>>> print(open('target-v9.txt').read())   # compact mmCIF, C-alpha atoms
# COMPACT_ATOMS: atom_id res chain seq x y z
CA MET C 101 -65.88 -65.35 82.54
CA SER C 102 -66.95 -62.12 80.79
CA ALA C 103 -63.47 -60.72 81.35
CA GLU C 104 -61.97 -63.68 79.43
CA ILE C 105 -64.40 -63.09 76.55
CA ALA C 106 -63.48 -59.40 76.53
CA VAL C 107 -59.77 -60.24 76.45
CA GLU C 108 -60.30 -62.67 73.59
CA ALA C 109 -62.34 -60.07 71.66
CA ALA C 110 -59.58 -57.49 72.12
CA GLN C 111 -56.97 -59.99 70.95
CA ASN C 112 -59.08 -60.73 67.87
CA ALA C 113 -59.37 -57.01 67.17
CA VAL C 114 -55.61 -56.58 67.40
CA GLN C 115 -55.14 -59.55 65.11
CA ALA C 116 -57.61 -58.04 62.65
CA THR C 117 -55.77 -54.71 62.66
CA SER C 118 -52.39 -56.27 62.00
CA ASN C 119 -53.96 -58.44 59.27
CA THR C 120 -55.33 -55.27 57.69
CA ASN C 121 -51.88 -53.67 57.66
CA MET C 122 -50.36 -56.74 56.05
CA VAL C 123 -53.13 -56.90 53.44
CA VAL C 124 -52.73 -53.20 52.67
CA GLY C 125 -49.00 -53.61 52.21
CA LEU C 126 -49.44 -56.67 50.00
CA THR C 127 -52.08 -54.92 47.88
CA ILE C 128 -49.81 -52.10 46.87
CA ALA C 129 -46.70 -54.28 46.60
CA LEU C 130 -48.25 -56.88 44.30
CA GLY C 131 -50.21 -54.25 42.40
CA SER C 132 -47.06 -52.39 41.45
CA LEU C 133 -45.16 -55.33 39.96
CA ALA C 134 -46.90 -55.47 36.59
CA PRO C 135 -47.04 -51.69 36.01
CA ALA C 136 -43.34 -51.39 36.82
CA ALA C 137 -42.49 -54.09 34.27
CA ALA C 138 -44.84 -52.50 31.76
CA ILE C 139 -43.30 -49.04 32.13
CA GLY C 140 -39.84 -50.52 31.75
CA LEU C 141 -40.84 -52.28 28.52
CA ILE C 142 -42.57 -49.18 27.11
CA VAL C 143 -39.62 -46.88 27.76
CA SER C 144 -37.10 -49.42 26.46
CA LYS C 145 -38.99 -49.77 23.18
CA ALA C 146 -39.29 -45.99 22.92
CA LEU C 147 -35.56 -45.62 23.44
CA GLU C 148 -34.91 -48.21 20.74
CA ALA C 149 -37.16 -46.31 18.37
CA ILE C 150 -35.44 -43.01 19.12
CA GLY C 151 -32.04 -44.58 18.63
CA ARG C 152 -33.10 -45.94 15.28
CA ASN C 153 -34.61 -42.66 14.07
CA PRO C 154 -33.50 -39.62 16.08
CA GLU C 155 -35.55 -37.22 13.95
CA ALA C 156 -38.84 -38.68 15.20
CA ALA C 157 -37.74 -38.24 18.81
CA SER C 158 -40.44 -35.81 19.87
CA LYS C 159 -43.26 -37.86 18.34
CA VAL C 160 -41.98 -41.03 19.99
CA GLN C 161 -41.59 -39.18 23.27
CA THR C 162 -45.18 -37.93 23.22
CA VAL C 163 -46.60 -41.40 22.61
CA MET C 164 -44.27 -42.83 25.24
CA ILE C 165 -45.48 -40.40 27.91
CA LEU C 166 -49.07 -41.34 27.08
CA GLY C 167 -48.29 -45.06 27.32
CA VAL C 168 -46.47 -44.60 30.63
CA ALA C 169 -49.48 -42.70 32.03
CA PHE C 170 -51.82 -45.54 31.06
CA ALA C 171 -49.53 -48.13 32.66
CA GLU C 172 -49.06 -46.05 35.80
CA ALA C 173 -52.82 -45.67 36.16
CA ILE C 174 -53.04 -49.41 36.91
CA ALA C 175 -50.62 -49.01 39.78
CA ILE C 176 -52.67 -46.04 40.96
CA TYR C 177 -55.83 -48.20 40.98
CA SER C 178 -54.20 -50.65 43.39
CA LEU C 179 -52.86 -47.73 45.45
CA VAL C 180 -56.38 -46.32 45.80
CA VAL C 181 -57.68 -49.71 46.90
CA ALA C 182 -54.89 -49.91 49.49
CA LEU C 183 -55.69 -46.39 50.74
CA ILE C 184 -59.39 -47.22 51.02
CA LEU C 185 -58.59 -50.37 52.99
CA LYS C 186 -56.32 -48.46 55.32
CA PHE C 187 -58.36 -45.34 55.94
CA VAL C 188 -62.01 -46.37 55.65
CA MET R 53 -46.91 -36.37 69.94
CA ALA R 54 -49.56 -35.03 67.59
CA SER R 55 -51.28 -37.56 65.34
CA LEU R 56 -51.49 -37.54 61.56
CA HIS R 57 -54.73 -36.48 59.99
CA ILE R 58 -55.29 -38.26 56.68
CA SER R 59 -58.79 -38.56 55.32
CA ILE R 60 -59.40 -40.16 51.97
CA SER R 61 -62.57 -38.17 51.34
CA ALA R 62 -62.56 -34.41 51.52
CA GLU R 63 -64.48 -33.33 54.60
CA PRO R 64 -67.36 -30.86 54.36
CA ILE R 65 -66.67 -27.42 55.76
CA PHE R 66 -70.36 -26.59 55.89
CA TYR R 67 -73.58 -28.33 55.02
CA LEU R 68 -76.24 -27.12 52.60
CA GLY R 69 -79.09 -29.21 53.92
CA GLU R 70 -77.85 -32.76 53.42
CA LEU R 71 -75.15 -31.87 50.90
CA GLY R 72 -71.68 -31.15 52.21
CA PHE R 73 -69.57 -28.44 50.60
CA THR R 74 -66.07 -29.85 50.89
CA SER R 75 -62.71 -28.18 51.29
CA SER R 76 -61.62 -29.34 47.83
CA MET R 77 -64.67 -27.73 46.26
CA LEU R 78 -63.67 -24.43 47.86
CA VAL R 79 -60.14 -24.69 46.47
CA SER R 80 -61.33 -25.60 42.98
CA LEU R 81 -63.77 -22.65 43.08
CA LEU R 82 -60.87 -20.39 44.01
CA THR R 83 -58.77 -21.90 41.20
CA THR R 84 -61.56 -21.23 38.70
CA LEU R 85 -61.88 -17.66 40.00
CA PHE R 86 -58.11 -17.19 39.66
CA LEU R 87 -58.14 -18.43 36.06
CA LEU R 88 -61.18 -16.26 35.24
CA ILE R 89 -59.54 -13.17 36.70
CA ILE R 90 -56.34 -13.75 34.73
CA GLY R 91 -58.35 -14.37 31.57
CA TYR R 92 -60.36 -11.21 32.12
CA GLN R 93 -57.22 -9.15 32.70
CA PHE R 94 -55.81 -10.49 29.44
CA PHE R 95 -59.04 -9.78 27.61
CA ARG R 96 -59.38 -6.24 28.83
CA SER R 97 -55.77 -5.12 28.78
CA GLN R 98 -54.85 -2.10 26.64
CA LYS R 99 -51.14 -2.70 26.34
CA LYS R 100 -50.54 -5.89 24.36
CA THR R 101 -46.98 -6.29 25.59
CA SER R 102 -47.39 -6.10 29.34
CA ASN R 103 -45.76 -8.87 31.34
CA LEU R 104 -48.98 -10.76 32.03
CA ASN R 105 -49.98 -10.64 28.35
CA LEU R 106 -46.62 -11.96 27.22
CA ILE R 107 -46.78 -14.84 29.68
CA ILE R 108 -50.31 -15.77 28.62
CA GLN R 109 -49.46 -15.51 24.92
CA ALA R 110 -46.44 -17.77 25.40
CA LEU R 111 -48.59 -20.24 27.33
CA ILE R 112 -51.35 -20.35 24.72
CA GLU R 113 -48.82 -20.64 21.92
CA SER R 114 -47.01 -23.59 23.51
CA LEU R 115 -50.33 -25.32 24.25
CA TYR R 116 -51.40 -24.75 20.63
CA GLU R 117 -48.14 -26.18 19.29
CA PHE R 118 -48.49 -29.19 21.55
CA ALA R 119 -52.06 -29.74 20.37
CA GLN R 120 -50.81 -29.50 16.80
CA THR R 121 -48.48 -32.45 17.32
CA ILE R 122 -51.54 -34.57 18.10
CA THR R 123 -54.19 -33.13 15.76
CA PRO R 124 -52.37 -31.28 13.00
CA HIS R 125 -55.41 -29.74 11.32
CA LYS R 126 -58.07 -29.30 14.00
CA ALA R 127 -55.92 -28.01 16.84
CA GLY R 128 -57.68 -24.65 16.84
CA LYS R 129 -61.10 -26.25 17.23
CA PHE R 130 -60.05 -28.47 20.12
CA LEU R 131 -57.70 -26.03 21.87
CA PRO R 132 -60.35 -24.64 24.28
CA ILE R 133 -61.20 -27.99 25.88
CA PHE R 134 -57.56 -29.08 25.87
CA ALA R 135 -56.23 -25.88 27.44
CA THR R 136 -59.09 -25.58 29.94
CA ILE R 137 -58.65 -29.10 31.27
CA PHE R 138 -54.87 -28.67 31.36
CA LEU R 139 -54.89 -25.33 33.20
CA PHE R 140 -57.65 -26.24 35.63
CA VAL R 141 -56.14 -29.61 36.60
CA MET R 142 -52.62 -28.16 36.86
CA PHE R 143 -53.54 -25.18 39.04
CA ALA R 144 -55.97 -27.16 41.18
CA SER R 145 -53.28 -29.78 41.82
CA TRP R 146 -50.65 -27.13 42.55
CA ALA R 147 -53.05 -25.43 44.94
CA GLY R 148 -52.58 -28.40 47.26
CA LEU R 149 -48.98 -27.33 47.84
CA LEU R 150 -49.62 -23.78 49.02
CA PRO R 151 -49.04 -22.94 52.70
CA GLY R 152 -52.29 -22.98 54.63
CA VAL R 153 -53.74 -25.95 52.75
CA GLU R 154 -54.75 -28.66 55.22
CA THR R 155 -53.31 -26.66 58.12
CA ILE R 156 -56.09 -24.12 58.76
CA TRP R 157 -58.89 -25.79 60.70
CA VAL R 158 -62.54 -24.81 61.04
CA ASN R 159 -65.43 -26.22 62.95
CA ASN R 160 -68.06 -27.58 60.59
CA GLY R 161 -70.72 -27.99 63.24
CA GLN R 162 -69.69 -31.52 64.16
CA LYS R 163 -65.89 -31.58 64.37
CA LEU R 164 -62.72 -29.78 63.41
CA VAL R 165 -61.86 -30.15 59.73
CA PRO R 166 -59.24 -28.57 57.43
CA LEU R 167 -60.53 -25.55 55.55
CA LEU R 168 -58.55 -26.08 52.34
CA ARG R 169 -57.44 -29.20 50.49
CA GLY R 170 -55.94 -29.70 47.04
CA GLY R 171 -58.56 -29.17 44.36
CA THR R 172 -58.07 -32.50 42.62
CA ALA R 173 -57.52 -34.51 45.80
CA ASP R 174 -61.26 -35.10 45.99
CA LEU R 175 -62.82 -37.86 43.90
CA ASN R 176 -65.88 -35.64 43.29
CA ILE R 177 -63.84 -33.02 41.43
CA THR R 178 -61.87 -35.52 39.35
CA LEU R 179 -65.00 -37.52 38.53
CA GLY R 180 -66.75 -34.33 37.43
CA THR R 181 -63.84 -33.32 35.23
CA ALA R 182 -63.67 -36.83 33.74
CA ILE R 183 -67.40 -36.82 32.97
CA VAL R 184 -67.04 -33.41 31.32
CA ALA R 185 -64.10 -34.63 29.24
CA VAL R 186 -65.84 -37.81 28.03
CA ALA R 187 -69.08 -35.88 27.38
CA MET R 188 -67.14 -33.38 25.27
CA VAL R 189 -65.69 -36.30 23.27
CA GLN R 190 -69.23 -37.46 22.44
CA ILE R 191 -70.37 -33.91 21.66
CA PHE R 192 -67.44 -33.30 19.31
CA GLY R 193 -68.12 -36.66 17.68
CA VAL R 194 -71.76 -35.82 16.99
CA ASP R 195 -70.72 -32.35 15.87
CA SER R 196 -68.35 -33.69 13.21
CA LEU R 197 -70.03 -36.90 12.10
CA GLY R 198 -73.68 -36.20 12.80
CA ILE R 199 -75.89 -38.90 14.26
CA LYS R 200 -73.79 -41.51 12.43
CA TYR R 201 -71.31 -41.12 15.29
CA PHE R 202 -73.44 -43.49 17.34
CA LYS R 203 -72.95 -46.20 14.73
CA LYS R 204 -69.71 -46.78 16.56
CA PHE R 205 -71.63 -48.17 19.51
CA ILE R 206 -74.81 -49.65 18.05
CA ASN R 207 -73.96 -51.60 14.96
CA PHE R 208 -76.28 -54.36 13.82
CA SER R 209 -74.50 -55.32 10.59
CA ASN R 210 -73.10 -58.55 11.99
CA PRO R 211 -72.76 -60.17 15.47
CA ILE R 212 -69.05 -59.41 15.79
CA ASN R 213 -69.60 -55.72 15.11
CA PHE R 214 -72.43 -55.75 17.62
CA PHE R 215 -70.13 -56.99 20.35
CA VAL R 216 -67.39 -54.59 19.32
CA GLY R 217 -69.91 -51.78 19.66
CA LEU R 218 -70.89 -53.02 23.10
CA LEU R 219 -67.25 -53.10 24.12
CA GLU R 220 -66.79 -49.55 22.83
CA LEU R 221 -69.72 -48.43 24.98
CA ILE R 222 -68.29 -50.11 28.08
CA SER R 223 -64.90 -48.64 27.28
CA GLU R 224 -66.37 -45.11 27.39
CA PHE R 225 -67.40 -45.72 30.99
CA ALA R 226 -64.03 -47.29 31.69
CA LYS R 227 -62.45 -44.08 30.40
CA ILE R 228 -64.41 -42.05 32.95
CA MET R 229 -63.26 -44.30 35.79
CA SER R 230 -59.70 -44.38 34.52
CA PHE R 231 -59.44 -40.58 34.16
CA SER R 232 -60.87 -39.87 37.59
CA PHE R 233 -58.93 -42.51 39.49
CA ARG R 234 -55.63 -41.79 37.77
CA LEU R 235 -55.79 -38.09 38.70
CA PHE R 236 -57.24 -38.66 42.19
CA GLY R 237 -54.77 -41.43 43.03
CA ASN R 238 -51.72 -39.46 41.94
CA ILE R 239 -52.66 -36.23 43.72
CA PHE R 240 -54.03 -37.84 46.89
CA ALA R 241 -51.03 -40.17 47.21
CA GLY R 242 -48.82 -37.09 46.84
CA GLU R 243 -50.71 -35.35 49.64
CA VAL R 244 -50.38 -38.40 51.92
CA LEU R 245 -46.66 -38.51 51.13
CA LEU R 246 -46.24 -34.84 52.00
CA VAL R 247 -48.14 -35.22 55.28
CA VAL R 248 -46.08 -38.25 56.32
CA ILE R 249 -42.76 -36.63 55.38
CA ALA R 250 -43.69 -33.40 57.15
CA PHE R 251 -44.54 -35.53 60.18
CA LEU R 252 -41.19 -37.34 60.11
CA LEU R 253 -38.80 -34.57 58.98
CA PRO R 254 -40.48 -31.23 59.61
CA ILE R 255 -37.54 -28.90 58.96
CA LEU R 256 -36.19 -29.56 55.43
CA GLY R 257 -37.72 -32.94 54.61
CA PRO R 258 -40.71 -31.84 52.51
CA LEU R 259 -38.62 -29.75 50.12
CA PRO R 260 -37.74 -32.38 47.47
CA PHE R 261 -41.20 -33.91 47.81
CA ILE R 262 -42.89 -30.58 47.08
CA GLY R 263 -40.70 -30.44 43.97
CA LEU R 264 -41.90 -33.95 43.07
CA GLU R 265 -45.51 -32.88 43.57
CA LEU R 266 -45.06 -29.87 41.28
CA PHE R 267 -43.78 -32.23 38.60
CA VAL R 268 -46.55 -34.79 39.21
CA GLY R 269 -49.25 -32.12 39.06
CA PHE R 270 -47.92 -30.84 35.74
CA ILE R 271 -47.58 -34.34 34.24
CA GLN R 272 -51.04 -35.47 35.36
CA ALA R 273 -52.61 -32.32 33.92
CA LEU R 274 -50.75 -32.92 30.66
CA VAL R 275 -51.79 -36.58 30.55
CA PHE R 276 -55.45 -35.80 31.28
CA ALA R 277 -55.59 -33.09 28.62
CA THR R 278 -53.60 -35.09 26.06
CA LEU R 279 -55.76 -38.18 26.50
CA THR R 280 -58.90 -36.07 26.10
CA LEU R 281 -57.45 -34.58 22.92
CA VAL R 282 -56.52 -38.02 21.58
CA PHE R 283 -60.03 -39.36 22.24
CA VAL R 284 -61.62 -36.30 20.63
CA ASN R 285 -59.36 -36.79 17.62
CA ILE R 286 -60.35 -40.46 17.34
CA ALA R 287 -64.03 -39.58 17.68
CA THR R 288 -63.99 -36.90 15.00
CA SER R 289 -61.76 -38.50 12.40
CA ASP R 290 -63.63 -41.75 11.92
CA SER R 291 -63.58 -42.96 8.34
CA HIS R 292 -63.69 -46.75 8.41
>>> encode(input="target-v9.txt", output="structure tokens")
Amino acid sequence: MSAEIAVEAAQNAVQATSNTNMVVGLTIALGSLAPAAAIGLIVSKALEAIGRNPEAASKVQTVMILGVAFAEAIAIYSLVVALILKFV
Amino acid sequence: MASLHISISAEPIFYLGELGFTSSMLVSLLTTLFLLIIGYQFFRSQKKTSNLNLIIQALIESLYEFAQTITPHKAGKFLPIFATIFLFVMFASWAGLLPGVETIWVNNGQKLVPLLRGGTADLNITLGTAIVAVAMVQIFGVDSLGIKYFKKFINFSNPINFFVGLLELISEFAKIMSFSFRLFGNIFAGEVLLVVIAFLLPILGPLPFIGLELFVGFIQALVFATLTLVFVNIATSDSH
């Protein structure tokens, strides 16, 4: 009787572990969709601006790098959450 | 087969009472010492055209020109905080790529832990740097605008401005979190990547990823320092 309970507990633990892995994977996958789209939009607008006015290229580039860092930070937040779920 | 060792928090290498002195703190202390020694050599050198002097002059000049693209007139006043944050974050992040980091193990009284770990791969270090950066923004603001600087946050003229001020206050704390997590996430994810790749392809696998980490360390240092400079510029040039 106790052996059956122990087996069921172990099965639940295994189920919990594989659920954790799936949740971790989903966290980072879903959390990277919006930042990827955002970075694509930012860089495409920056390229348009540079094409329209090549003399302002370095100014546009500086602001673009800043914008990309802000957008990437959001993806990094979800990455940190995924890492915490996996390793803590 | 050996198992991977990945720990999200830097482990203490010895304890001072209840406080643990972590491996990342050791590496960031060594980075600070390295920067101080180079600065002292530059300060005390007799020959102004030795190799080290030329390198440091070129570095300071390029940092100054970069600061000038963001704050054309006050670059000299803000260069110290900009260059310090940039150099510290860059060298502390690059320190995580040296041989011996995370591979030399010591016994910290309870278990075996790595002796060295990338300086900015510890949330304590990045949080401290972020708090220093945001505190310097406030200090520069008060220094240029006097006590009127705080009118940005506490503004009773009308209800909308009151809520805008409240949002500005919350956004200062959001800046601290954003700075620290952006830097920590980038550098720690890079370390995890290197450990996993070294585990899968030990012989030549890590080579392009170490190159990627060099680039990421440089870019994150630049972003941290540039954002600090931008916020300082906004705080000191307020003329609504």
>>> closest_residue(input="target-v9.txt", among="R:Ile286, R:Leu179, R:Ala250, R:Leu279", to="chain C", atoms="only C-alpha atoms")
R:Leu279
>>> interface_residues(input="target-v9.txt", of="chain C", to="chain R", cutoff="8 Å", atoms="all atoms listed in the file", output="list of chain:residue names")
C:Lys159, C:Ile165, C:Leu166, C:Ala169, C:Ala173, C:Ile176, C:Tyr177, C:Leu179, C:Val180, C:Leu183, C:Ile184, C:Phe187, C:Val188
>>> residues_around(input="target-v9.txt", residues="Gly167 in chain C", least_positions_apart="6", cutoff="10 Å", atoms="all atoms listed in the file", output="list in words")
Ala138, Ile139, Ile142, Val143, Gln161 and Ala173 of chain C; Val275 of chain R
>>> residues_around(input="target-v9.txt", residues="Arg169 in chain R", least_positions_apart="5", cutoff="10 Å", atoms="only C-alpha atoms", output="MDAnalysis selection string")
chainID R and resid 62:63 74:80 144:145 147:150 152:156 174 240 243
>>> write_last_selection(input="target-v9.txt", atoms="C-alpha atoms", output="short mmCIF file (atom, residue, chain, number, x, y, z; two decimals), keeping the file's coordinate frame")
data_model
loop_
_atom_site.label_atom_id
_atom_site.label_comp_id
_atom_site.auth_asym_id
_atom_site.auth_seq_id
_atom_site.Cartn_x
_atom_site.Cartn_y
_atom_site.Cartn_z
CA ALA R 62 -62.56 -34.41 51.52
CA GLU R 63 -64.48 -33.33 54.60
CA THR R 74 -66.07 -29.85 50.89
CA SER R 75 -62.71 -28.18 51.29
CA SER R 76 -61.62 -29.34 47.83
CA MET R 77 -64.67 -27.73 46.26
CA LEU R 78 -63.67 -24.43 47.86
CA VAL R 79 -60.14 -24.69 46.47
CA SER R 80 -61.33 -25.60 42.98
CA ALA R 144 -55.97 -27.16 41.18
CA SER R 145 -53.28 -29.78 41.82
CA ALA R 147 -53.05 -25.43 44.94
CA GLY R 148 -52.58 -28.40 47.26
CA LEU R 149 -48.98 -27.33 47.84
CA LEU R 150 -49.62 -23.78 49.02
CA GLY R 152 -52.29 -22.98 54.63
CA VAL R 153 -53.74 -25.95 52.75
CA GLU R 154 -54.75 -28.66 55.22
CA THR R 155 -53.31 -26.66 58.12
CA ILE R 156 -56.09 -24.12 58.76
CA ASP R 174 -61.26 -35.10 45.99
CA PHE R 240 -54.03 -37.84 46.89
CA GLU R 243 -50.71 -35.35 49.64
#
>>> residues_around(input="target-v9.txt", residues="range 251-262 of chain R", least_positions_apart="4", cutoff="8 Å", atoms="all atoms listed in the file", output="list in words")
Leu56, Leu149, Leu245, Leu246, Val247 and Leu266 of chain R
>>> residues_around(input="target-v9.txt", residues="range 116-133 of chain C", least_positions_apart="2", cutoff="9 Å", atoms="all atoms listed in the file", output="ChimeraX atom specification")
/C:111-114,135-138,172,174-183,185-186
>>> residues_around(input="target-v9.txt", residues="range 192-198 of chain R", least_positions_apart="6", cutoff="9 Å", atoms="only C-alpha atoms", output="NGL selection string")
:R and (130 or 284-290)
>>> write_last_selection(input="target-v9.txt", atoms="C-alpha atoms", output="PDB file, in the coordinates of the input")
ATOM      1  CA  PHE R 130     -60.050 -28.470  20.120  1.00  0.00           C
ATOM      2  CA  VAL R 284     -61.620 -36.300  20.630  1.00  0.00           C
ATOM      3  CA  ASN R 285     -59.360 -36.790  17.620  1.00  0.00           C
ATOM      4  CA  ILE R 286     -60.350 -40.460  17.340  1.00  0.00           C
ATOM      5  CA  ALA R 287     -64.030 -39.580  17.680  1.00  0.00           C
ATOM      6  CA  THR R 288     -63.990 -36.900  15.000  1.00  0.00           C
ATOM      7  CA  SER R 289     -61.760 -38.500  12.400  1.00  0.00           C
ATOM      8  CA  ASP R 290     -63.630 -41.750  11.920  1.00  0.00           C
TER       9      ASP R 290
END
